[in-house]
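Trainee: File follows, model25.txt with compact mmCIF, C-alpha atoms:
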# COMPACT_ATOMS: atom_id res chain seq x y z
CA MET A 1 -42.07 -124.18 -60.30
CA ARG A 2 -42.25 -120.40 -60.30
CA ILE A 3 -45.37 -118.67 -58.95
CA ALA A 4 -45.90 -114.91 -59.06
CA THR A 5 -48.13 -111.95 -58.33
CA TRP A 6 -48.31 -108.48 -59.86
CA ASN A 7 -50.65 -105.51 -59.61
CA ILE A 8 -50.27 -104.25 -63.17
CA ASN A 9 -52.40 -101.10 -62.71
CA GLY A 10 -54.35 -101.47 -65.95
CA MET A 11 -53.91 -104.17 -68.58
CA ARG A 12 -54.53 -101.84 -71.52
CA ALA A 13 -51.69 -99.59 -70.42
CA ARG A 14 -49.37 -102.44 -69.45
CA VAL A 15 -49.90 -105.28 -71.93
CA ASP A 16 -46.62 -104.71 -73.80
CA TYR A 17 -44.69 -104.26 -70.57
CA VAL A 18 -46.15 -107.44 -69.12
CA GLN A 19 -45.04 -109.40 -72.18
CA HIS A 20 -41.45 -108.28 -71.60
CA TRP A 21 -41.65 -109.51 -68.02
CA LEU A 22 -43.21 -112.86 -68.90
CA ARG A 23 -40.48 -113.57 -71.44
CA ALA A 24 -37.73 -112.59 -69.00
CA VAL A 25 -39.01 -114.18 -65.78
CA ASP A 26 -41.02 -117.08 -67.25
CA PRO A 27 -43.42 -117.81 -64.35
CA ASP A 28 -45.48 -120.99 -64.42
CA VAL A 29 -48.47 -119.43 -62.66
CA VAL A 30 -49.07 -115.73 -62.06
CA GLY A 31 -51.90 -113.75 -60.53
CA PHE A 32 -52.57 -110.25 -61.86
CA GLN A 33 -54.54 -107.56 -60.07
CA GLU A 34 -56.17 -104.31 -61.13
CA LEU A 35 -56.96 -105.29 -64.71
CA LYS A 36 -59.42 -102.41 -65.13
CA MET A 37 -61.29 -104.18 -67.94
CA GLU A 38 -64.16 -106.56 -68.58
CA ASP A 39 -63.53 -110.26 -69.19
CA GLU A 40 -64.49 -110.10 -72.84
CA LYS A 41 -61.92 -107.38 -73.52
CA PHE A 42 -58.97 -109.19 -71.97
CA PRO A 43 -56.22 -109.86 -74.59
CA HIS A 44 -56.21 -113.66 -74.33
CA ASP A 45 -54.47 -114.15 -77.67
CA VAL A 46 -51.45 -112.10 -76.60
CA PHE A 47 -50.75 -114.47 -73.73
CA SER A 48 -51.71 -117.69 -75.45
CA GLU A 49 -48.93 -116.94 -77.94
CA LEU A 50 -46.56 -116.98 -74.96
CA GLY A 51 -47.85 -120.36 -73.80
CA TYR A 52 -50.33 -119.27 -71.14
CA SER A 53 -53.95 -120.12 -70.55
CA VAL A 54 -55.92 -117.30 -68.93
CA VAL A 55 -58.78 -117.13 -66.43
CA THR A 56 -60.22 -113.72 -65.58
CA HIS A 57 -62.66 -112.05 -63.23
CA GLY A 58 -62.88 -108.50 -64.47
CA GLN A 59 -65.05 -105.43 -64.45
CA LYS A 60 -65.19 -102.17 -66.35
CA SER A 61 -62.57 -99.53 -65.44
CA TRP A 62 -61.83 -100.81 -61.93
CA ASN A 63 -60.42 -103.77 -60.00
CA GLY A 64 -60.26 -107.12 -61.79
CA VAL A 65 -58.03 -110.16 -61.28
CA ALA A 66 -56.62 -112.85 -63.56
CA VAL A 67 -54.55 -116.02 -63.42
CA LEU A 68 -52.16 -117.01 -66.19
CA SER A 69 -50.82 -120.54 -66.16
CA LYS A 70 -48.79 -122.80 -68.37
CA ARG A 71 -50.99 -125.73 -67.40
CA PRO A 72 -54.79 -125.91 -67.54
CA ALA A 73 -56.53 -124.16 -64.64
CA GLU A 74 -59.99 -124.99 -63.34
CA VAL A 75 -61.99 -122.16 -61.79
CA ALA A 76 -62.89 -122.80 -58.16
CA GLN A 77 -64.32 -119.38 -57.22
CA ARG A 78 -64.92 -116.04 -58.91
CA GLY A 79 -65.49 -113.26 -56.42
CA LEU A 80 -65.47 -113.27 -52.62
CA PRO A 81 -68.87 -114.51 -51.38
CA GLY A 82 -70.92 -111.74 -49.78
CA GLN A 83 -68.57 -109.01 -51.04
CA GLU A 84 -69.73 -108.72 -54.65
CA GLU A 85 -70.58 -105.02 -54.31
CA VAL A 86 -66.93 -104.24 -53.53
CA GLY A 87 -65.93 -105.40 -57.00
CA ALA A 88 -64.02 -108.15 -58.80
CA ARG A 89 -61.31 -108.84 -56.24
CA LEU A 90 -60.83 -112.60 -55.86
CA LEU A 91 -60.20 -115.47 -58.25
CA SER A 92 -59.40 -119.03 -57.18
CA VAL A 93 -58.25 -121.79 -59.52
CA LYS A 94 -57.05 -125.38 -59.26
CA VAL A 95 -53.79 -125.81 -61.14
CA ASP A 96 -50.92 -128.28 -61.04
CA GLY A 97 -52.07 -129.97 -57.84
CA MET A 98 -52.63 -126.81 -55.81
CA THR A 99 -55.20 -124.09 -55.26
CA PHE A 100 -54.02 -120.67 -56.40
CA ILE A 101 -55.99 -117.65 -55.17
CA THR A 102 -55.23 -114.13 -56.36
CA VAL A 103 -56.75 -111.17 -54.52
CA TYR A 104 -56.92 -107.42 -54.91
CA CYS A 105 -57.83 -106.31 -51.42
CA PRO A 106 -59.68 -103.02 -50.89
CA ASN A 107 -57.55 -99.95 -50.26
CA GLY A 108 -59.65 -98.34 -47.55
CA LYS A 109 -58.60 -94.79 -48.52
CA THR A 110 -58.07 -93.40 -44.98
CA VAL A 111 -58.86 -94.65 -41.50
CA GLU A 112 -61.60 -92.01 -41.24
CA HIS A 113 -63.28 -92.98 -44.52
CA GLU A 114 -66.25 -95.34 -44.55
CA ASP A 115 -64.32 -97.57 -46.96
CA PHE A 116 -61.92 -98.43 -44.15
CA GLN A 117 -64.61 -100.35 -42.27
CA GLY A 118 -65.55 -101.96 -45.57
CA LYS A 119 -61.94 -103.06 -45.99
CA LEU A 120 -61.92 -104.71 -42.58
CA ALA A 121 -65.22 -106.45 -43.37
CA TRP A 122 -63.77 -107.69 -46.66
CA TYR A 123 -60.84 -109.21 -44.80
CA ASP A 124 -63.18 -110.88 -42.33
CA ALA A 125 -65.07 -112.37 -45.28
CA LEU A 126 -61.79 -113.55 -46.82
CA MET A 127 -60.81 -115.30 -43.60
CA ALA A 128 -64.22 -116.93 -43.38
CA TYR A 129 -63.94 -118.12 -46.99
CA VAL A 130 -60.50 -119.63 -46.42
CA GLU A 131 -61.60 -121.38 -43.22
CA ALA A 132 -64.73 -122.79 -44.87
CA ASN A 133 -63.08 -124.06 -48.03
CA HIS A 134 -59.48 -124.94 -47.24
CA ALA A 135 -57.18 -126.53 -44.69
CA PRO A 136 -53.64 -125.55 -43.66
CA ASP A 137 -52.25 -128.93 -44.72
CA GLU A 138 -53.30 -128.60 -48.38
CA PRO A 139 -51.17 -126.96 -51.08
CA LEU A 140 -52.64 -123.45 -51.15
CA VAL A 141 -51.40 -120.10 -52.43
CA LEU A 142 -53.02 -116.80 -51.44
CA THR A 143 -51.35 -113.99 -53.30
CA GLY A 144 -51.94 -110.48 -54.54
CA ASP A 145 -52.08 -106.84 -53.53
CA PHE A 146 -53.11 -106.91 -49.87
CA ASN A 147 -52.98 -103.15 -49.22
CA ILE A 148 -51.56 -103.87 -45.77
CA VAL A 149 -48.01 -103.32 -44.53
CA PRO A 150 -47.66 -106.44 -42.37
CA GLU A 151 -44.81 -105.27 -40.11
CA PRO A 152 -42.81 -102.08 -39.41
CA ILE A 153 -39.90 -103.36 -41.53
CA ASP A 154 -42.23 -103.40 -44.54
CA SER A 155 -42.69 -99.60 -44.48
CA TRP A 156 -40.27 -96.92 -45.57
CA ASN A 157 -41.23 -94.87 -42.51
CA GLU A 158 -43.12 -96.76 -39.82
CA LYS A 159 -42.60 -94.00 -37.28
CA LYS A 160 -44.33 -91.44 -39.50
CA LEU A 161 -47.03 -93.71 -40.89
CA LYS A 162 -48.00 -95.86 -37.89
CA GLY A 163 -51.76 -95.64 -37.43
CA HIS A 164 -52.35 -94.42 -40.98
CA ILE A 165 -53.88 -96.50 -43.76
CA PHE A 166 -52.02 -99.79 -44.41
CA HIS A 167 -50.27 -99.36 -41.02
CA THR A 168 -53.11 -99.76 -38.53
CA ASP A 169 -53.48 -102.37 -35.80
CA GLU A 170 -56.88 -103.33 -37.21
CA GLU A 171 -55.42 -104.16 -40.63
CA ARG A 172 -52.42 -105.97 -39.20
CA GLN A 173 -54.67 -108.05 -36.99
CA ARG A 174 -56.42 -109.34 -40.12
CA MET A 175 -53.09 -110.26 -41.66
CA SER A 176 -52.03 -111.98 -38.44
CA ARG A 177 -55.18 -114.09 -38.52
CA LEU A 178 -54.25 -115.41 -41.96
CA LEU A 179 -50.75 -116.28 -40.79
CA GLU A 180 -51.99 -117.87 -37.58
CA TRP A 181 -54.43 -119.99 -39.59
CA GLY A 182 -51.54 -121.58 -41.45
CA PHE A 183 -50.12 -119.31 -44.13
CA THR A 184 -46.42 -118.45 -44.42
CA ASP A 185 -45.35 -115.09 -45.84
CA ALA A 186 -42.82 -116.35 -48.38
CA TRP A 187 -40.72 -113.17 -48.52
CA ARG A 188 -40.48 -112.57 -44.81
CA ALA A 189 -39.79 -116.24 -44.06
CA THR A 190 -36.78 -116.32 -46.34
CA LYS A 191 -35.53 -112.72 -46.05
CA PRO A 192 -36.20 -111.67 -42.45
CA ASP A 193 -34.06 -108.53 -42.58
CA GLU A 194 -34.88 -107.13 -46.04
CA PRO A 195 -37.73 -104.60 -46.41
CA GLY A 196 -38.72 -105.95 -49.83
CA HIS A 197 -40.77 -102.94 -50.88
CA SER A 198 -43.08 -103.66 -53.80
CA TRP A 199 -45.04 -100.41 -54.24
CA TRP A 200 -43.95 -96.82 -54.71
CA ASP A 201 -46.27 -93.89 -55.37
CA TYR A 202 -45.92 -92.35 -58.82
CA ARG A 203 -45.85 -88.93 -57.16
CA ALA A 204 -43.11 -86.92 -55.43
CA GLY A 205 -40.28 -89.09 -56.71
CA ALA A 206 -41.16 -91.80 -54.21
CA PHE A 207 -39.46 -94.56 -56.20
CA HIS A 208 -36.13 -92.77 -56.53
CA LYS A 209 -36.28 -91.67 -52.89
CA ARG A 210 -36.94 -95.32 -51.90
CA MET A 211 -40.20 -94.38 -50.18
CA GLY A 212 -41.80 -97.78 -50.67
CA LEU A 213 -44.14 -100.23 -48.98
CA ARG A 214 -44.35 -104.02 -49.08
CA ILE A 215 -48.01 -104.69 -49.75
CA ASP A 216 -47.76 -107.37 -52.48
CA LEU A 217 -47.45 -110.78 -50.86
CA VAL A 218 -47.23 -114.46 -51.63
CA LEU A 219 -48.71 -116.49 -48.78
CA VAL A 220 -48.39 -120.29 -48.89
CA THR A 221 -49.40 -123.19 -46.67
CA GLU A 222 -46.86 -125.61 -45.22
CA PRO A 223 -46.73 -128.11 -48.12
CA LEU A 224 -45.56 -125.27 -50.37
CA ALA A 225 -43.59 -123.36 -47.72
CA ALA A 226 -41.38 -126.42 -47.35
CA ARG A 227 -40.54 -126.15 -51.06
CA ILE A 228 -39.52 -122.47 -51.14
CA ASP A 229 -36.16 -122.10 -52.85
CA ASP A 230 -36.06 -118.31 -53.30
CA VAL A 231 -38.27 -115.21 -53.41
CA HIS A 232 -37.75 -112.22 -55.70
CA ILE A 233 -38.85 -108.58 -55.78
CA SER A 234 -36.96 -106.64 -58.44
CA ARG A 235 -36.90 -102.84 -58.60
CA ASP A 236 -35.91 -103.17 -62.25
CA TRP A 237 -39.52 -104.07 -63.07
CA ARG A 238 -40.67 -100.78 -61.56
CA LYS A 239 -38.56 -98.90 -64.13
CA LYS A 240 -39.28 -98.12 -67.75
CA VAL A 241 -38.57 -100.87 -70.29
CA GLU A 242 -37.95 -99.76 -73.86
CA GLY A 243 -39.82 -96.54 -73.09
CA LEU A 244 -42.85 -98.34 -71.64
CA THR A 245 -44.28 -96.95 -68.40
CA PRO A 246 -44.29 -99.46 -65.53
CA SER A 247 -46.96 -100.16 -62.96
CA ASP A 248 -46.52 -98.50 -59.57
CA HIS A 249 -46.06 -102.04 -58.20
CA ALA A 250 -43.15 -104.41 -58.75
CA PRO A 251 -43.90 -108.09 -59.36
CA VAL A 252 -43.12 -110.70 -56.70
CA TRP A 253 -42.22 -114.25 -57.58
CA VAL A 254 -41.37 -117.40 -55.66
CA ASP A 255 -39.36 -120.40 -56.82
CA LEU A 256 -40.59 -123.72 -55.46
CA ALA A 257 -38.41 -126.82 -55.57
CA ASP A 258 -39.88 -129.82 -57.37
Would you mind writing the file out in structure tokens?

Mentor:
Amino acid sequence: MRIATWNINGMRARVDYVQHWLRAVDPDVVGFQELKMEDEKFPHDVFSELGYSVVTHGQKSWNGVAVLSKRPAEVAQRGLPGQEEVGARLLSVKVDGMTFITVYCPNGKTVEHEDFQGKLAWYDALMAYVEANHAPDEPLVLTGDFNIVPEPIDSWNEKKLKGHIFHTDEERQRMSRLLEWGFTDAWRATKPDEPGHSWWDYRAGAFHKRMGLRIDLVLVTEPLAARIDDVHISRDWRKKVEGLTPSDHAPVWVDLAD
């Protein structure tokens, strides 16, 4: 089984590009973030033609998450309880014997901005939701754009950026709580020495200068961690395809043994 996550940075702008990726990589279940469209405007037919059923939790112009799956998915939760004002940022489904949660975590802007405290509160609410509804011994995936650089190796320049947004102790403490609860970071568990950057700013030639961050994660509980065969982050899917502009994020996908 192949599970995946991708912040596509706007479905309208990326729908053709995403189709190329789905045909090439062929994931069984994938969580998308940053749809930037309402549910009723999502192009369901495009993906049904590729063999996927779609569940969405969208909003106009901002945020929005979706799950595509080759097998029927049952909605377990739309939206993080108590955090509705922050936008459409969480979608949980039951599919193929597991719970698959995709999240688009708040950015926080800067450590001085009021949104930073909102980001920390959102993470606290996420932890509370996981603790109240799940157990570490069940097959559970928590995946998406976390807007946190978990460790120094995940940043292109930890020395310069330590203490700045994505690189703060407060953010990393929230990530540590998730891991201590029972999640495994699939990439870091299998590739301990590879940075695995998944996001590069569109500006200043960041991609070509390899000024990236690893903020797109696939977290899994032990029943799924034991099945990890390989984890992939490909820079090729951050490049143009047939003239189509990519997202500023690369997709991440995990192969699980049967």

Trainee: Do you know which residues are at most 8 Å from range 106-122 of chain A counting all atoms listed in the file, after dropping those on the same chain fewer than 5 positions away, and could you put them as a tab-separated table (two decimals) with C-alpha atoms, in the coordinates of the input?

Mentor:
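Final file, around_33.tsv:
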chain	number	residue	atom	x	y	z
A	83	GLN	CA	-68.57	-109.01	-51.04
A	86	VAL	CA	-66.93	-104.24	-53.53
A	146	PHE	CA	-53.11	-106.91	-49.87
A	147	ASN	CA	-52.98	-103.15	-49.22
A	164	HIS	CA	-52.35	-94.42	-40.98
A	165	ILE	CA	-53.88	-96.50	-43.76
A	170	GLU	CA	-56.88	-103.33	-37.21
A	171	GLU	CA	-55.42	-104.16	-40.63
A	174	ARG	CA	-56.42	-109.34	-40.12

Trainee: Give me the range 30-90 of chain A side of the contact with range 208-217 of chain A, cut-off 12 Å, one line per residue showing its nearest atom pair and distance in Å at one decimal, counting all atoms listed in the file, sorted by chain and residue number, as a Markdown table.

Mentor:
| residue | atom | partner | partner_atom | distance |
| --- | --- | --- | --- | --- |
| A:Gly31 | CA | A:Leu217 | CA | 11.1 |
| A:Phe32 | CA | A:Asp216 | CA | 10.9 |
| A:Gln33 | CA | A:Asp216 | CA | 10.2 |

Trainee: For the selection just defined, write its residues with C-alpha atoms to a file, as a compact mmCIF listing (two decimals), in the frame of the given file.

Mentor:
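Listed below is the output, again35.txt:
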# COMPACT_ATOMS: atom_id res chain seq x y z
CA GLY A 31 -51.90 -113.75 -60.53
CA PHE A 32 -52.57 -110.25 -61.86
CA GLN A 33 -54.54 -107.56 -60.07

Trainee: When distances are computed from all atoms listed in the file, which of A:Glu84, A:Glu34, A:Asp185, A:Asp145 shows the smallest separation from Phe166 in chain A?

Mentor: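 For Phe166 in chain A, the nearest of the given residues is A:Asp145.
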
Trainee: Hey, can you check how far CA of Met127 in chain A sits from CA of Pro150 in chain A?

Mentor: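 Between these atoms lies a distance of 15.9 Å.
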
Trainee: Quick one: pull the distance between CA of Pro192 in chain A and CA of Ile233 in chain A, Å, one decimal.

Mentor: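 CA of Ile233 in chain A lies 13.9 Å from CA of Pro192 in chain A.
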
Trainee: For a quick check of understanding, using all atoms listed in the file, which of A:Thr168, A:Asn157, A:Thr143, A:Ser48 has the smallest distance to Gln19 in chain A?

Mentor: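 Checking each of A:Thr168, A:Asn157, A:Thr143, A:Ser48 against Gln19 in chain A, counting all atoms listed in the file, the winner is A:Ser48.
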
Trainee: Of the residues A:Arg23, A:His134, A:Arg235, A:Arg227, which is the one nearest to Trp181 in chain A, using all atoms listed in the file?

Mentor: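 Of all the options, A:His134 lies closest to Trp181 in chain A.
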
Trainee: Could you tell me how far CA of Lys60 in chain A sits from CA of Ala88 in chain A, in Å to one decimal place?

Mentor: 9.7 Å

Trainee: I need the residue nearest Val220 in chain A from this list: A:Gly82, A:Gly144, A:Gly87, A:Pro72. Use all atoms listed in the file for the distance.

Mentor: A:Gly144

Trainee: Would you list the residues near (-61.8, -117.4, -42.4), meaning any protein, DNA or RNA residue with an atom at most 12 Å from that point in file coordinates, counting all atoms listed in the file, as a list in words?

Mentor: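 Residues with an atom close enough to that point: Leu80, Pro81, Ala121, Trp122, Tyr123, Asp124, Ala125, Leu126, Met127, Ala128, Tyr129, Val130, Glu131, Ala132, Asn133, His134, Ala135, Pro136, Arg174, Met175, Ser176, Arg177, Leu178, Leu179, Glu180, Trp181, Gly182 and Phe183 of chain A.
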
Trainee: Write out as number ranges by chain each polymer residue whose atoms come within 6 Å of Tyr52 in chain A, counting only C-alpha atoms; drop sequence neighbours fewer than 4 positions from it.

Mentor: A: 47-48, 68-70

Trainee: For each of A:Glu158, A:Glu38, A:Asp16, A:Glu138, take the minimum atom-to-atom distance to Pro223 in chain A, counting only C-alpha atoms, then give the residue where this is smallest.

Mentor: A:Glu138

Trainee: Select, from A:Asp229, A:Glu242, A:Asp154, A:Glu222, the residue with the minimum atom-to-atom distance to Gly196 in chain A, counting only C-alpha atoms.

Mentor: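 Of A:Asp229, A:Glu242, A:Asp154, A:Glu222, the one nearest Gly196 in chain A is A:Asp154, counting only C-alpha atoms.
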
Trainee: Identify the residues around (-53.0, -113.8, -57.3) within a radius of 12 Å, measuring from only C-alpha atoms in the coordinates stated by the file, and give them as a PyMOL selection string.

Mentor: chain A and resi 3-8+29-35+55-57+64-69+89-93+99-105+140-146+216-220+251-253

Trainee: To box range 14-25 of chain A, take all atoms listed in the file, fit an axis-aligned box, add 8 Å on each side, and give centre and edge lengths in Å to one decimal, as AutoDock Vina command-line options.

Mentor:
--center_x -43.8 --center_y -108.3 --center_z -69.8 --size_x 28.2 --size_y 27.7 --size_z 24.0

Trainee: Using only C-alpha atoms, which residues sit within 9 Å of Gly10 in chain A once same-chain residues fewer than 5 positions away are excluded, as a PyMOL selection string?

Mentor: chain A and resi 15+33-37+61-63+247

Trainee: List as a PyMOL selection string the protein and nucleic acid residues near Pro246 in chain A, meaning an atom at most 9 Å away when all atoms listed in the file are counted, but skip any in the same chain fewer than 4 places from it.

Mentor: chain A and resi 8-9+13-14+17-18+237-241+250

Trainee: Can those selected residues be exported to a file as a PDB file, keeping the file's coordinate frame so that it contains C-alpha atoms?

Mentor:
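Now in out-v1.pdb:
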ATOM      1  CA  ILE A   8     -50.270-104.250 -63.170  1.00  0.00           C
ATOM      2  CA  ASN A   9     -52.400-101.100 -62.710  1.00  0.00           C
ATOM      3  CA  ALA A  13     -51.690 -99.590 -70.420  1.00  0.00           C
ATOM      4  CA  ARG A  14     -49.370-102.440 -69.450  1.00  0.00           C
ATOM      5  CA  TYR A  17     -44.690-104.260 -70.570  1.00  0.00           C
ATOM      6  CA  VAL A  18     -46.150-107.440 -69.120  1.00  0.00           C
ATOM      7  CA  TRP A 237     -39.520-104.070 -63.070  1.00  0.00           C
ATOM      8  CA  ARG A 238     -40.670-100.780 -61.560  1.00  0.00           C
ATOM      9  CA  LYS A 239     -38.560 -98.900 -64.130  1.00  0.00           C
ATOM     10  CA  LYS A 240     -39.280 -98.120 -67.750  1.00  0.00           C
ATOM     11  CA  VAL A 241     -38.570-100.870 -70.290  1.00  0.00           C
ATOM     12  CA  ALA A 250     -43.150-104.410 -58.750  1.00  0.00           C
TER      13      ALA A 250
END
